[in-house]
file target-v4.cif (mmCIF, N, CA and C atoms)
data_query
#
loop_
_atom_site.label_atom_id
_atom_site.label_comp_id
_atom_site.auth_asym_id
_atom_site.auth_seq_id
_atom_site.Cartn_x
_atom_site.Cartn_y
_atom_site.Cartn_z
N MET O 1 21.63 -38.65 -90.91
CA MET O 1 22.34 -38.69 -89.65
C MET O 1 23.31 -39.87 -89.66
N MET O 2 22.99 -40.92 -88.94
CA MET O 2 23.92 -42.05 -88.83
C MET O 2 23.61 -43.16 -89.83
N GLY O 3 22.62 -42.98 -90.69
CA GLY O 3 22.22 -44.02 -91.63
C GLY O 3 23.35 -44.51 -92.49
N PRO O 4 23.28 -45.77 -92.93
CA PRO O 4 24.35 -46.36 -93.71
C PRO O 4 24.62 -45.63 -95.02
N ASP O 5 23.62 -44.92 -95.53
CA ASP O 5 23.83 -44.19 -96.77
C ASP O 5 24.25 -42.74 -96.53
N GLY O 6 24.51 -42.38 -95.29
CA GLY O 6 24.85 -41.00 -94.94
C GLY O 6 26.34 -40.69 -94.93
N GLY O 7 27.17 -41.64 -95.31
CA GLY O 7 28.59 -41.37 -95.38
C GLY O 7 29.35 -41.51 -94.08
N THR O 8 28.73 -42.08 -93.05
CA THR O 8 29.40 -42.21 -91.76
C THR O 8 30.18 -43.51 -91.63
N GLY O 9 29.79 -44.52 -92.39
CA GLY O 9 30.38 -45.84 -92.24
C GLY O 9 29.72 -46.65 -91.14
N PHE O 10 28.67 -46.10 -90.52
CA PHE O 10 27.95 -46.79 -89.45
C PHE O 10 27.36 -48.08 -90.02
N PRO O 11 27.61 -49.22 -89.38
CA PRO O 11 27.18 -50.51 -89.93
C PRO O 11 25.66 -50.65 -90.01
N PRO O 12 25.13 -51.06 -91.17
CA PRO O 12 23.69 -51.23 -91.33
C PRO O 12 23.03 -52.11 -90.27
N PRO O 13 23.62 -53.26 -89.87
CA PRO O 13 22.94 -54.08 -88.86
C PRO O 13 22.73 -53.35 -87.53
N ILE O 14 23.62 -52.46 -87.18
CA ILE O 14 23.45 -51.68 -85.95
C ILE O 14 22.43 -50.57 -86.17
N PHE O 15 22.54 -49.87 -87.29
CA PHE O 15 21.62 -48.78 -87.57
C PHE O 15 20.18 -49.27 -87.62
N PHE O 16 19.92 -50.36 -88.31
CA PHE O 16 18.55 -50.80 -88.52
C PHE O 16 17.91 -51.45 -87.30
N ARG O 17 18.65 -51.64 -86.23
CA ARG O 17 18.01 -52.14 -85.01
C ARG O 17 17.68 -51.00 -84.05
N GLN O 18 17.99 -49.77 -84.45
CA GLN O 18 17.69 -48.57 -83.66
C GLN O 18 16.44 -47.90 -84.20
N SER O 19 15.77 -47.13 -83.37
CA SER O 19 14.66 -46.29 -83.82
C SER O 19 15.21 -44.90 -84.06
N ASN O 20 14.84 -44.30 -85.20
CA ASN O 20 15.30 -42.93 -85.42
C ASN O 20 14.21 -41.95 -84.98
N ALA O 21 14.56 -40.69 -84.90
CA ALA O 21 13.64 -39.68 -84.36
C ALA O 21 12.37 -39.56 -85.21
N THR O 22 12.50 -39.68 -86.52
CA THR O 22 11.31 -39.59 -87.38
C THR O 22 10.39 -40.78 -87.14
N ASP O 23 10.94 -41.98 -87.02
CA ASP O 23 10.13 -43.17 -86.72
C ASP O 23 9.39 -43.00 -85.40
N LEU O 24 10.09 -42.47 -84.40
CA LEU O 24 9.45 -42.27 -83.09
C LEU O 24 8.35 -41.22 -83.16
N GLY O 25 8.54 -40.19 -83.99
CA GLY O 25 7.49 -39.21 -84.21
C GLY O 25 6.26 -39.83 -84.83
N HIS O 26 6.45 -40.70 -85.83
CA HIS O 26 5.32 -41.41 -86.45
C HIS O 26 4.58 -42.25 -85.41
N LEU O 27 5.33 -42.96 -84.59
CA LEU O 27 4.74 -43.80 -83.56
C LEU O 27 3.93 -42.96 -82.57
N ALA O 28 4.51 -41.84 -82.12
CA ALA O 28 3.82 -40.97 -81.17
C ALA O 28 2.55 -40.39 -81.79
N LYS O 29 2.61 -40.03 -83.06
CA LYS O 29 1.43 -39.49 -83.74
C LYS O 29 0.33 -40.54 -83.81
N ARG O 30 0.67 -41.76 -84.23
CA ARG O 30 -0.32 -42.83 -84.33
C ARG O 30 -0.93 -43.16 -82.98
N ALA O 31 -0.12 -43.05 -81.92
CA ALA O 31 -0.60 -43.36 -80.57
C ALA O 31 -1.42 -42.22 -79.97
N GLY O 32 -1.43 -41.06 -80.63
CA GLY O 32 -2.16 -39.92 -80.09
C GLY O 32 -1.45 -39.25 -78.93
N ALA O 33 -0.14 -39.44 -78.83
CA ALA O 33 0.63 -38.85 -77.73
C ALA O 33 0.67 -37.33 -77.87
N LYS O 34 0.75 -36.67 -76.75
CA LYS O 34 0.86 -35.21 -76.73
C LYS O 34 2.31 -34.78 -76.49
N HIS O 35 3.12 -35.70 -76.00
CA HIS O 35 4.50 -35.38 -75.64
C HIS O 35 5.38 -36.57 -76.00
N LEU O 36 6.51 -36.28 -76.61
CA LEU O 36 7.50 -37.31 -76.95
C LEU O 36 8.83 -36.88 -76.35
N MET O 37 9.45 -37.76 -75.60
CA MET O 37 10.77 -37.47 -75.05
C MET O 37 11.77 -38.43 -75.66
N LEU O 38 12.78 -37.87 -76.30
CA LEU O 38 13.85 -38.67 -76.89
C LEU O 38 14.97 -38.81 -75.87
N THR O 39 15.45 -40.03 -75.70
CA THR O 39 16.56 -40.29 -74.78
C THR O 39 17.53 -41.27 -75.43
N HIS O 40 18.69 -41.43 -74.84
CA HIS O 40 19.70 -42.38 -75.31
C HIS O 40 20.00 -42.15 -76.79
N LEU O 41 20.33 -40.93 -77.12
CA LEU O 41 20.51 -40.52 -78.50
C LEU O 41 21.83 -41.00 -79.08
N ILE O 42 21.76 -41.45 -80.32
CA ILE O 42 22.95 -41.86 -81.07
C ILE O 42 22.94 -41.08 -82.37
N PRO O 43 23.85 -40.17 -82.55
CA PRO O 43 24.88 -39.71 -81.63
C PRO O 43 24.30 -38.73 -80.62
N PRO O 44 24.98 -38.55 -79.49
CA PRO O 44 24.52 -37.58 -78.51
C PRO O 44 24.56 -36.16 -79.08
N VAL O 45 23.70 -35.31 -78.56
CA VAL O 45 23.69 -33.90 -78.96
C VAL O 45 25.10 -33.33 -78.77
N GLY O 46 25.59 -32.65 -79.80
CA GLY O 46 26.89 -31.98 -79.73
C GLY O 46 28.09 -32.85 -80.01
N ALA O 47 27.90 -34.16 -80.19
CA ALA O 47 29.04 -35.05 -80.45
C ALA O 47 29.31 -35.13 -81.95
N PRO O 48 30.53 -34.88 -82.38
CA PRO O 48 30.84 -34.92 -83.80
C PRO O 48 31.00 -36.33 -84.36
N ARG O 49 30.92 -37.32 -83.47
CA ARG O 49 31.07 -38.71 -83.91
C ARG O 49 30.33 -39.63 -82.93
N GLN O 50 30.06 -40.83 -83.40
CA GLN O 50 29.52 -41.89 -82.55
C GLN O 50 30.55 -42.99 -82.58
N GLY O 51 31.31 -43.10 -81.50
CA GLY O 51 32.43 -44.04 -81.50
C GLY O 51 33.40 -43.66 -82.61
N PRO O 52 33.78 -44.61 -83.46
CA PRO O 52 34.73 -44.29 -84.54
C PRO O 52 34.06 -43.65 -85.76
N TYR O 53 32.74 -43.48 -85.74
CA TYR O 53 32.01 -43.03 -86.92
C TYR O 53 31.76 -41.53 -86.88
N LYS O 54 32.45 -40.81 -87.74
CA LYS O 54 32.36 -39.36 -87.78
C LYS O 54 31.14 -38.92 -88.57
N LEU O 55 30.42 -37.92 -88.06
CA LEU O 55 29.27 -37.37 -88.77
C LEU O 55 29.78 -36.44 -89.87
N PRO O 56 29.38 -36.68 -91.10
CA PRO O 56 29.92 -35.89 -92.20
C PRO O 56 29.57 -34.41 -92.14
N ASN O 57 28.44 -34.07 -91.53
CA ASN O 57 28.01 -32.67 -91.45
C ASN O 57 28.21 -32.07 -90.07
N GLY O 58 28.97 -32.73 -89.23
CA GLY O 58 29.24 -32.23 -87.89
C GLY O 58 28.19 -32.66 -86.88
N ALA O 59 28.38 -32.18 -85.67
CA ALA O 59 27.52 -32.55 -84.54
C ALA O 59 26.07 -32.15 -84.77
N LEU O 60 25.16 -32.92 -84.17
CA LEU O 60 23.74 -32.62 -84.23
C LEU O 60 23.32 -31.81 -83.01
N SER O 61 22.33 -30.95 -83.21
CA SER O 61 21.80 -30.14 -82.12
C SER O 61 20.44 -30.70 -81.69
N GLU O 62 19.91 -30.17 -80.59
CA GLU O 62 18.56 -30.53 -80.18
C GLU O 62 17.57 -30.20 -81.29
N ASP O 63 17.77 -29.08 -81.96
CA ASP O 63 16.87 -28.69 -83.06
C ASP O 63 16.91 -29.70 -84.20
N ASP O 64 18.07 -30.29 -84.47
CA ASP O 64 18.15 -31.32 -85.51
C ASP O 64 17.24 -32.50 -85.17
N TYR O 65 17.26 -32.91 -83.90
CA TYR O 65 16.39 -34.01 -83.48
C TYR O 65 14.92 -33.61 -83.53
N ARG O 66 14.60 -32.40 -83.09
CA ARG O 66 13.21 -31.92 -83.15
C ARG O 66 12.73 -31.83 -84.61
N ASP O 67 13.59 -31.36 -85.50
CA ASP O 67 13.24 -31.29 -86.92
C ASP O 67 12.94 -32.67 -87.49
N ALA O 68 13.73 -33.67 -87.09
CA ALA O 68 13.49 -35.04 -87.56
C ALA O 68 12.13 -35.55 -87.08
N VAL O 69 11.76 -35.22 -85.84
CA VAL O 69 10.44 -35.61 -85.33
C VAL O 69 9.36 -34.87 -86.11
N SER O 70 9.55 -33.59 -86.37
CA SER O 70 8.55 -32.78 -87.09
C SER O 70 8.27 -33.36 -88.48
N LYS O 71 9.27 -33.91 -89.11
CA LYS O 71 9.09 -34.49 -90.45
C LYS O 71 8.10 -35.64 -90.45
N SER O 72 7.84 -36.21 -89.29
CA SER O 72 6.89 -37.31 -89.18
C SER O 72 5.45 -36.83 -89.15
N GLY O 73 5.26 -35.54 -88.91
CA GLY O 73 3.91 -35.01 -88.77
C GLY O 73 3.45 -34.92 -87.32
N PHE O 74 4.29 -35.38 -86.38
CA PHE O 74 3.93 -35.28 -84.96
C PHE O 74 3.89 -33.81 -84.57
N GLU O 75 2.77 -33.38 -83.97
CA GLU O 75 2.58 -31.98 -83.63
C GLU O 75 2.62 -31.71 -82.14
N GLY O 76 2.85 -32.75 -81.35
CA GLY O 76 2.93 -32.56 -79.90
C GLY O 76 4.26 -31.95 -79.50
N GLU O 77 4.48 -31.88 -78.21
CA GLU O 77 5.73 -31.35 -77.67
C GLU O 77 6.81 -32.43 -77.73
N THR O 78 8.01 -32.04 -78.14
CA THR O 78 9.14 -32.96 -78.18
C THR O 78 10.22 -32.44 -77.25
N THR O 79 10.65 -33.29 -76.33
CA THR O 79 11.76 -32.98 -75.44
C THR O 79 12.94 -33.83 -75.87
N VAL O 80 14.08 -33.19 -76.06
CA VAL O 80 15.31 -33.91 -76.37
C VAL O 80 16.05 -34.06 -75.05
N GLY O 81 16.04 -35.28 -74.52
CA GLY O 81 16.58 -35.53 -73.19
C GLY O 81 18.09 -35.62 -73.15
N GLN O 82 18.68 -34.91 -72.25
CA GLN O 82 20.09 -35.02 -71.94
C GLN O 82 20.23 -35.99 -70.76
N ASP O 83 21.45 -36.34 -70.39
CA ASP O 83 21.64 -37.24 -69.25
C ASP O 83 20.93 -36.69 -68.02
N LEU O 84 20.25 -37.56 -67.34
CA LEU O 84 19.52 -37.28 -66.09
C LEU O 84 18.32 -36.35 -66.29
N ALA O 85 17.86 -36.17 -67.51
CA ALA O 85 16.67 -35.34 -67.75
C ALA O 85 15.44 -36.06 -67.22
N SER O 86 14.46 -35.29 -66.80
CA SER O 86 13.19 -35.87 -66.37
C SER O 86 12.07 -34.96 -66.83
N VAL O 87 10.88 -35.53 -66.91
CA VAL O 87 9.69 -34.79 -67.31
C VAL O 87 8.63 -35.08 -66.26
N MET O 88 7.95 -34.04 -65.81
CA MET O 88 6.84 -34.21 -64.86
C MET O 88 5.56 -34.37 -65.69
N LEU O 89 4.90 -35.50 -65.56
CA LEU O 89 3.65 -35.74 -66.27
C LEU O 89 2.48 -35.46 -65.35
N THR O 90 1.47 -34.83 -65.91
CA THR O 90 0.28 -34.57 -65.12
C THR O 90 -0.86 -35.43 -65.65
N SER O 91 -1.78 -35.73 -64.80
CA SER O 91 -2.93 -36.53 -65.19
C SER O 91 -3.94 -35.63 -65.88
N SER O 92 -4.52 -36.12 -66.96
CA SER O 92 -5.59 -35.36 -67.63
C SER O 92 -6.84 -36.21 -67.60
N ASN O 93 -7.82 -35.74 -66.90
CA ASN O 93 -9.08 -36.51 -66.73
C ASN O 93 -10.04 -36.21 -67.82
#
call {"tool": "encode", "arguments": {"input": "target-v4.cif", "output": "structure tokens"}}
result
Amino acid sequence: MMGPDGGTGFPPPIFFRQSNATDLGHLAKRAGAKHLMLTHLIPPVGAPRQGPYKLPNGALSEDDYRDAVSKSGFEGETTVGQDLASVMLTSSN
């Protein structure tokens, strides 16, 4: 995606201070989460670039983000949040 070795020119210091979808999937799996919601995506779904940095393979879809989470082994539900998205959480006793 936006990694420094992906051909985008995205600066490594900025990339490495972000969490990617696969890392978040690993974290959710270790925490025993049943649901993971991704927000504040870089690049946003459907955007062919992030600022001046063009994605070499074109815009990413929600499925691209879900696939990245799946690669972590997380088996819960993944929501790819758009602006103003919300999730209703229920209590499980």
call {"tool": "resolve_selection", "arguments": {"input": "target-v4.cif", "expression": "the PyMOL selection byres ((chain O and resi 39) around 8)", "output": "ChimeraX atom specification"}}
result
/O:36-38,40-42,79-83
call {"tool": "select_by_dssp", "arguments": {"input": "target-v4.cif", "residues": "range 5-91 of chain O", "states": "strand (DSSP E or B)", "output": "ChimeraX atom specification"}}
result
/O:35-38,49-50,53-54,77-80
call {"tool": "select_by_dssp", "arguments": {"input": "target-v4.cif", "residues": "chain O", "states": "alpha helix (DSSP H)", "output": "PyMOL selection string"}}
result
chain O and resi 12-15+21-31+62-70
call {"tool": "closest_residue", "arguments": {"input": "target-v4.cif", "among": "O:Ala31, O:Glu77, O:Thr8, O:Gly3", "to": "Pro56 in chain O", "atoms": "all atoms listed in the file"}}
result
O:Thr8
call {"tool": "closest_residue", "arguments": {"input": "target-v4.cif", "among": "O:Lys71, O:Ser91, O:Leu84, O:Ser61", "to": "Thr22 in chain O", "atoms": "only C-alpha atoms"}}
result
O:Lys71
call {"tool": "atom_distance", "arguments": {"input": "target-v4.cif", "atom1": "CA of Glu62 in chain O", "atom2": "CA of Ser92 in chain O"}}
result
27.6 Å
